[in-house]
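A short worksheet on the structure shown next.
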Amino acid sequence: MRFIISLVLTFCILQILLLVLSKFFKPLGNAEISFDNNKAKLNVSSNSKLPLCYKVKIKVENLYTGEAVLLKTKRILPDRISSDIEIFLKGICCGVVRLQITELKSAFIGSIFMFKSQQNVICERLYLPEASSLSSVNKSMISKMINPGEGERYDGVREYRHGENFKDIHMKLSAKSGKYMVRERLSKSSGSLSIGFLYEANYAVENVQLLISILSKAVKSNINCIVYFSDKSVEALNDFDVQSLLYRILSQSSGENTSLPLCDYIISGGEVNIN
C-alpha cells in the first residue's frame, strides 16, 4: 500500500514540475502537411531543446462531393525534433481534396498537460477521374459537337512557309509558279461551344469524365468552350484553362447547383444532352 501511495505522490510531483517547467519553456510545436501521390505527409516539429510529444487533428474534405472526415492522432513521439507521418488516402478519384490541420497540441514527454498551438494549415489537390470507355451515344454526340478534322475549308493560296504541312501544298499551282504554294486554311473554330454542367450525386464521376473528354477534344480541335456551372461561366481556350476550369468546378460545394442559362449542350445524368 505504501508503495502505491509513494508511486502516486512521485507521479504528481513529476507532473507539477513539468507544469512549472512548461510555464518558462512553453512546449509549442509546428505542423505542416502536404500531398505525396495518394498519401498525405504530416510533419511535426519544434524549436524546443526538450523532447515533446504531439496530438494532431486533421480534417480531410472532398469539396466536390461534400464528404469529410476528422482524423485524430494519438500521442506522437518524434525522433529528436521532428517526425514525418504518412496518411493513406484511399477511394478518392474525383474532386478537390482539402487537408486542414485544425488543432495541434504539444507537451513535454511524460506530462499529462498539453498546450494548444494555433494552427490553420491548409493544403489542396485536384483529383481527376481516369479516362473510361464512353458509351456509343456519348461518343457520337461528342463527335457531332467537335467534328475534329472534318469540314475544313480553304481561303485562297499563298507561298509556302518553313514548317507548314506538306499536305496543304497546291501541286498544280506550285508547278506553274515554280515555287511551293499552299492553301490558306481557315480556322476550324466556328464560334464558341456552350456547355452546362450540373452536379448530380449519382453521376458525379461520370459527368466529370464527359466534361474532360469534351474539353480535351475541343482544345485539340481549336474550338472555344464556355462552361456554365453553379452561377458562374468560364471559357476554356487551352490546356491551362481546362485545368483551371476543372479545379473551380471540383472545388464547388455539392449543394450549389442553380438554374443554368440557355446552352448548346447540358451534361446531366452521365450523358451529353442537346438543350
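Letters A, B, ... go to the chains of the C-alpha cells in the order shown; residues in each chain start at 1; ligands are counted from 1 in the same order.
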
**Q.** Contacts of Leu250 (chain A) within 8 Å, only C-alpha atoms, excl. fewer than 6 positions in-chain, as a ChimeraX atom specification
**A.** /A:63-64,94-96,126

Q: Can you pull out every residue within 9 Å of Ile76 (chain A), counting only C-alpha atoms, but drop anything in the same chain fewer than 3 positions away, and send it as a PyMOL selection string?
A: chain A and resi 44+52-56+73+83

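The closest residue to Gln100 (chain A), picked from A:Pro129, A:Tyr247, A:Ser34, A:Asn43 and counting only C-alpha atoms, is A:Ser34.
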
Q. What's the 12 Å shell around Glu130 (chain A), counting only C-alpha atoms, without same-chain residues fewer than 2 positions away, as an MDAnalysis selection string?
A. chainID A and resid 92:94 127:128 132:134 205:206 208:210 212:213

Which residues are near region 159-169 of chain A? Cut-off 8 Å, only C-alpha atoms, ignore same chain within fewer than 3 positions. Put them as a compact mmCIF listing (two decimals) with N, CA, C and O atoms, in the first residue's frame.
# COMPACT_ATOMS: atom_id res chain seq x y z
N SER A 174 1.84 25.13 -107.68
CA SER A 174 3.27 25.11 -107.38
C SER A 174 4.07 24.82 -108.65
O SER A 174 5.13 25.42 -108.89
N LYS A 179 7.42 27.60 -107.54
CA LYS A 179 7.72 27.59 -106.10
C LYS A 179 6.51 27.02 -105.36
O LYS A 179 5.39 27.03 -105.86
N TYR A 180 6.80 26.53 -104.17
CA TYR A 180 5.73 25.87 -103.41
C TYR A 180 4.65 26.88 -103.01
O TYR A 180 4.95 27.92 -102.43
N MET A 181 3.39 26.50 -103.29
CA MET A 181 2.24 27.29 -102.90
C MET A 181 1.33 26.43 -102.03
O MET A 181 1.14 25.23 -102.31
N VAL A 182 0.81 26.99 -100.97
CA VAL A 182 -0.05 26.23 -100.06
C VAL A 182 -1.43 26.87 -100.00
O VAL A 182 -1.61 28.06 -100.24
N ARG A 183 -2.41 26.02 -99.66
CA ARG A 183 -3.78 26.51 -99.47
C ARG A 183 -3.87 27.24 -98.13
O ARG A 183 -3.33 26.79 -97.13

Q | Point-to-point distance from CA of Phe3 (chain A) to CA of Ser111 (chain A), Å rounded to tenths | A | 21.5 Å

Q) Between CA of Cys123 (chain A) and CA of Ile109 (chain A), what is the spacing in Å? A)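 Taking CA of Ile109 (chain A) as the start and CA of Cys123 (chain A) as the end point, the length is 29.0 Å.
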
Q: Measure the distance from CA of Leu262 (chain A) to CA of Thr65 (chain A) in Å and round it to one decimal.
A: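 We find that CA of Leu262 (chain A) and CA of Thr65 (chain A) lie 25.5 Å from each other.
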
Q | Distance criterion (only C-alpha atoms): nearest to Ile16 (chain A) out of A:Gly178, A:Tyr265, A:Gly110, A:Ser45 | A |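 Closest candidate: A:Gly110.
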
**Q.** Within 12 Å of region 242-245 of chain A using only C-alpha atoms, minus same-chain residues under 6 positions, as number ranges by chain
**A.** A: 96, 125-128, 197, 208, 211-220, 224-229, 232-236, 251-252

Q) Within 12 Å of Leu99 (chain A), counting only C-alpha atoms, which residues qualify if same-chain residues fewer than 4 places away don't, as a list in words? A) Glu32, Ile33, Ser34, Phe35, Lys39, Ala40, Lys41, Leu42, Lys57, Ile58, Lys59, Val60, Glu61, Asn62, Leu63, Ala68, Val69, Leu70, Leu71, Ile87, Leu89, Asn120, Val121, Ile122, Cys123, Glu124, Arg125 and Leu126 of chain A

Generate a file of the selected residues that holds N, CA, C and O atoms, formatted as an mmCIF file, in the first residue's frame.
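Dumped to again.cif:
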data_model
loop_
_atom_site.group_PDB
_atom_site.id
_atom_site.type_symbol
_atom_site.label_atom_id
_atom_site.label_comp_id
_atom_site.auth_asym_id
_atom_site.auth_seq_id
_atom_site.Cartn_x
_atom_site.Cartn_y
_atom_site.Cartn_z
ATOM 1 N N GLU A 32 3.129 20.821 -40.468
ATOM 2 C CA GLU A 32 2.962 21.069 -41.894
ATOM 3 C C GLU A 32 2.395 19.809 -42.531
ATOM 4 O O GLU A 32 2.662 18.694 -42.068
ATOM 5 N N ILE A 33 1.631 19.995 -43.604
ATOM 6 C CA ILE A 33 1.042 18.852 -44.282
ATOM 7 C C ILE A 33 1.106 19.084 -45.791
ATOM 8 O O ILE A 33 0.985 20.218 -46.262
ATOM 9 N N SER A 34 1.340 18.002 -46.540
ATOM 10 C CA SER A 34 1.469 18.104 -47.994
ATOM 11 C C SER A 34 1.034 16.791 -48.626
ATOM 12 O O SER A 34 0.916 15.759 -47.952
ATOM 13 N N PHE A 35 0.791 16.833 -49.949
ATOM 14 C CA PHE A 35 0.390 15.643 -50.678
ATOM 15 C C PHE A 35 1.616 14.945 -51.260
ATOM 16 O O PHE A 35 2.563 15.591 -51.709
ATOM 17 N N LYS A 39 -0.978 9.814 -50.871
ATOM 18 C CA LYS A 39 -0.723 9.887 -49.441
ATOM 19 C C LYS A 39 -0.596 11.347 -49.015
ATOM 20 O O LYS A 39 -0.301 12.214 -49.826
ATOM 21 N N ALA A 40 -0.848 11.578 -47.752
ATOM 22 C CA ALA A 40 -0.617 12.889 -47.160
ATOM 23 C C ALA A 40 0.527 12.756 -46.175
ATOM 24 O O ALA A 40 0.571 11.808 -45.387
ATOM 25 N N LYS A 41 1.457 13.678 -46.238
ATOM 26 C CA LYS A 41 2.623 13.625 -45.362
ATOM 27 C C LYS A 41 2.506 14.720 -44.308
ATOM 28 O O LYS A 41 2.415 15.905 -44.625
ATOM 29 N N LEU A 42 2.476 14.312 -43.044
ATOM 30 C CA LEU A 42 2.363 15.231 -41.913
ATOM 31 C C LEU A 42 3.721 15.341 -41.238
ATOM 32 O O LEU A 42 4.347 14.326 -40.907
ATOM 33 N N LYS A 57 -5.168 17.044 -34.974
ATOM 34 C CA LYS A 57 -6.469 16.810 -35.605
ATOM 35 C C LYS A 57 -6.399 17.315 -37.047
ATOM 36 O O LYS A 57 -6.001 18.454 -37.286
ATOM 37 N N ILE A 58 -6.787 16.454 -37.983
ATOM 38 C CA ILE A 58 -6.735 16.787 -39.400
ATOM 39 C C ILE A 58 -8.101 16.554 -40.027
ATOM 40 O O ILE A 58 -8.674 15.464 -39.891
ATOM 41 N N LYS A 59 -8.613 17.564 -40.701
ATOM 42 C CA LYS A 59 -9.885 17.433 -41.425
ATOM 43 C C LYS A 59 -9.589 17.151 -42.894
ATOM 44 O O LYS A 59 -8.902 17.915 -43.557
ATOM 45 N N VAL A 60 -10.109 16.020 -43.400
ATOM 46 C CA VAL A 60 -9.972 15.653 -44.803
ATOM 47 C C VAL A 60 -11.337 15.842 -45.459
ATOM 48 O O VAL A 60 -12.319 15.223 -45.051
ATOM 49 N N GLU A 61 -11.392 16.706 -46.476
ATOM 50 C CA GLU A 61 -12.682 17.059 -47.084
ATOM 51 C C GLU A 61 -12.584 17.050 -48.604
ATOM 52 O O GLU A 61 -11.635 17.578 -49.178
ATOM 53 N N ASN A 62 -13.568 16.410 -49.247
ATOM 54 C CA ASN A 62 -13.702 16.478 -50.701
ATOM 55 C C ASN A 62 -14.686 17.603 -51.003
ATOM 56 O O ASN A 62 -15.892 17.480 -50.747
ATOM 57 N N LEU A 63 -14.188 18.707 -51.551
ATOM 58 C CA LEU A 63 -15.025 19.884 -51.771
ATOM 59 C C LEU A 63 -16.086 19.646 -52.832
ATOM 60 O O LEU A 63 -17.105 20.334 -52.858
ATOM 61 N N ALA A 68 -16.506 14.434 -45.789
ATOM 62 C CA ALA A 68 -15.484 14.939 -44.871
ATOM 63 C C ALA A 68 -15.299 13.957 -43.721
ATOM 64 O O ALA A 68 -16.234 13.255 -43.330
ATOM 65 N N VAL A 69 -14.074 13.902 -43.217
ATOM 66 C CA VAL A 69 -13.766 13.054 -42.071
ATOM 67 C C VAL A 69 -12.722 13.767 -41.221
ATOM 68 O O VAL A 69 -11.866 14.489 -41.741
ATOM 69 N N LEU A 70 -12.811 13.600 -39.909
ATOM 70 C CA LEU A 70 -11.862 14.211 -38.979
ATOM 71 C C LEU A 70 -10.941 13.125 -38.433
ATOM 72 O O LEU A 70 -11.402 12.159 -37.821
ATOM 73 N N LEU A 71 -9.643 13.286 -38.671
ATOM 74 C CA LEU A 71 -8.654 12.319 -38.207
ATOM 75 C C LEU A 71 -7.985 12.851 -36.944
ATOM 76 O O LEU A 71 -7.632 14.028 -36.867
ATOM 77 N N ILE A 87 -0.232 9.510 -44.183
ATOM 78 C CA ILE A 87 -1.656 9.188 -44.071
ATOM 79 C C ILE A 87 -2.124 8.742 -45.453
ATOM 80 O O ILE A 87 -2.030 9.495 -46.422
ATOM 81 N N LEU A 89 -4.597 8.000 -48.388
ATOM 82 C CA LEU A 89 -5.896 8.473 -48.845
ATOM 83 C C LEU A 89 -6.407 7.490 -49.892
ATOM 84 O O LEU A 89 -5.899 7.438 -51.007
ATOM 85 N N ASN A 120 -3.894 26.515 -38.556
ATOM 86 C CA ASN A 120 -4.922 26.501 -39.598
ATOM 87 C C ASN A 120 -4.221 26.276 -40.942
ATOM 88 O O ASN A 120 -4.365 27.060 -41.879
ATOM 89 N N VAL A 121 -3.448 25.198 -40.989
ATOM 90 C CA VAL A 121 -2.672 24.879 -42.182
ATOM 91 C C VAL A 121 -3.569 24.152 -43.181
ATOM 92 O O VAL A 121 -4.217 23.164 -42.842
ATOM 93 N N ILE A 122 -3.617 24.656 -44.419
ATOM 94 C CA ILE A 122 -4.495 24.083 -45.445
ATOM 95 C C ILE A 122 -3.673 23.695 -46.667
ATOM 96 O O ILE A 122 -2.781 24.436 -47.096
ATOM 97 N N CYS A 123 -3.980 22.531 -47.211
ATOM 98 C CA CYS A 123 -3.331 22.049 -48.423
ATOM 99 C C CYS A 123 -4.404 21.414 -49.306
ATOM 100 O O CYS A 123 -5.265 20.682 -48.806
ATOM 101 N N GLU A 124 -4.381 21.708 -50.620
ATOM 102 C CA GLU A 124 -5.404 21.199 -51.535
ATOM 103 C C GLU A 124 -4.761 20.526 -52.739
ATOM 104 O O GLU A 124 -3.654 20.886 -53.159
ATOM 105 N N ARG A 125 -5.502 19.558 -53.297
ATOM 106 C CA ARG A 125 -5.032 18.881 -54.507
ATOM 107 C C ARG A 125 -6.224 18.480 -55.357
ATOM 108 O O ARG A 125 -7.265 18.063 -54.840
ATOM 109 N N LEU A 126 -6.055 18.598 -56.683
ATOM 110 C CA LEU A 126 -7.098 18.221 -57.637
ATOM 111 C C LEU A 126 -6.932 16.761 -58.035
ATOM 112 O O LEU A 126 -5.871 16.345 -58.491
#
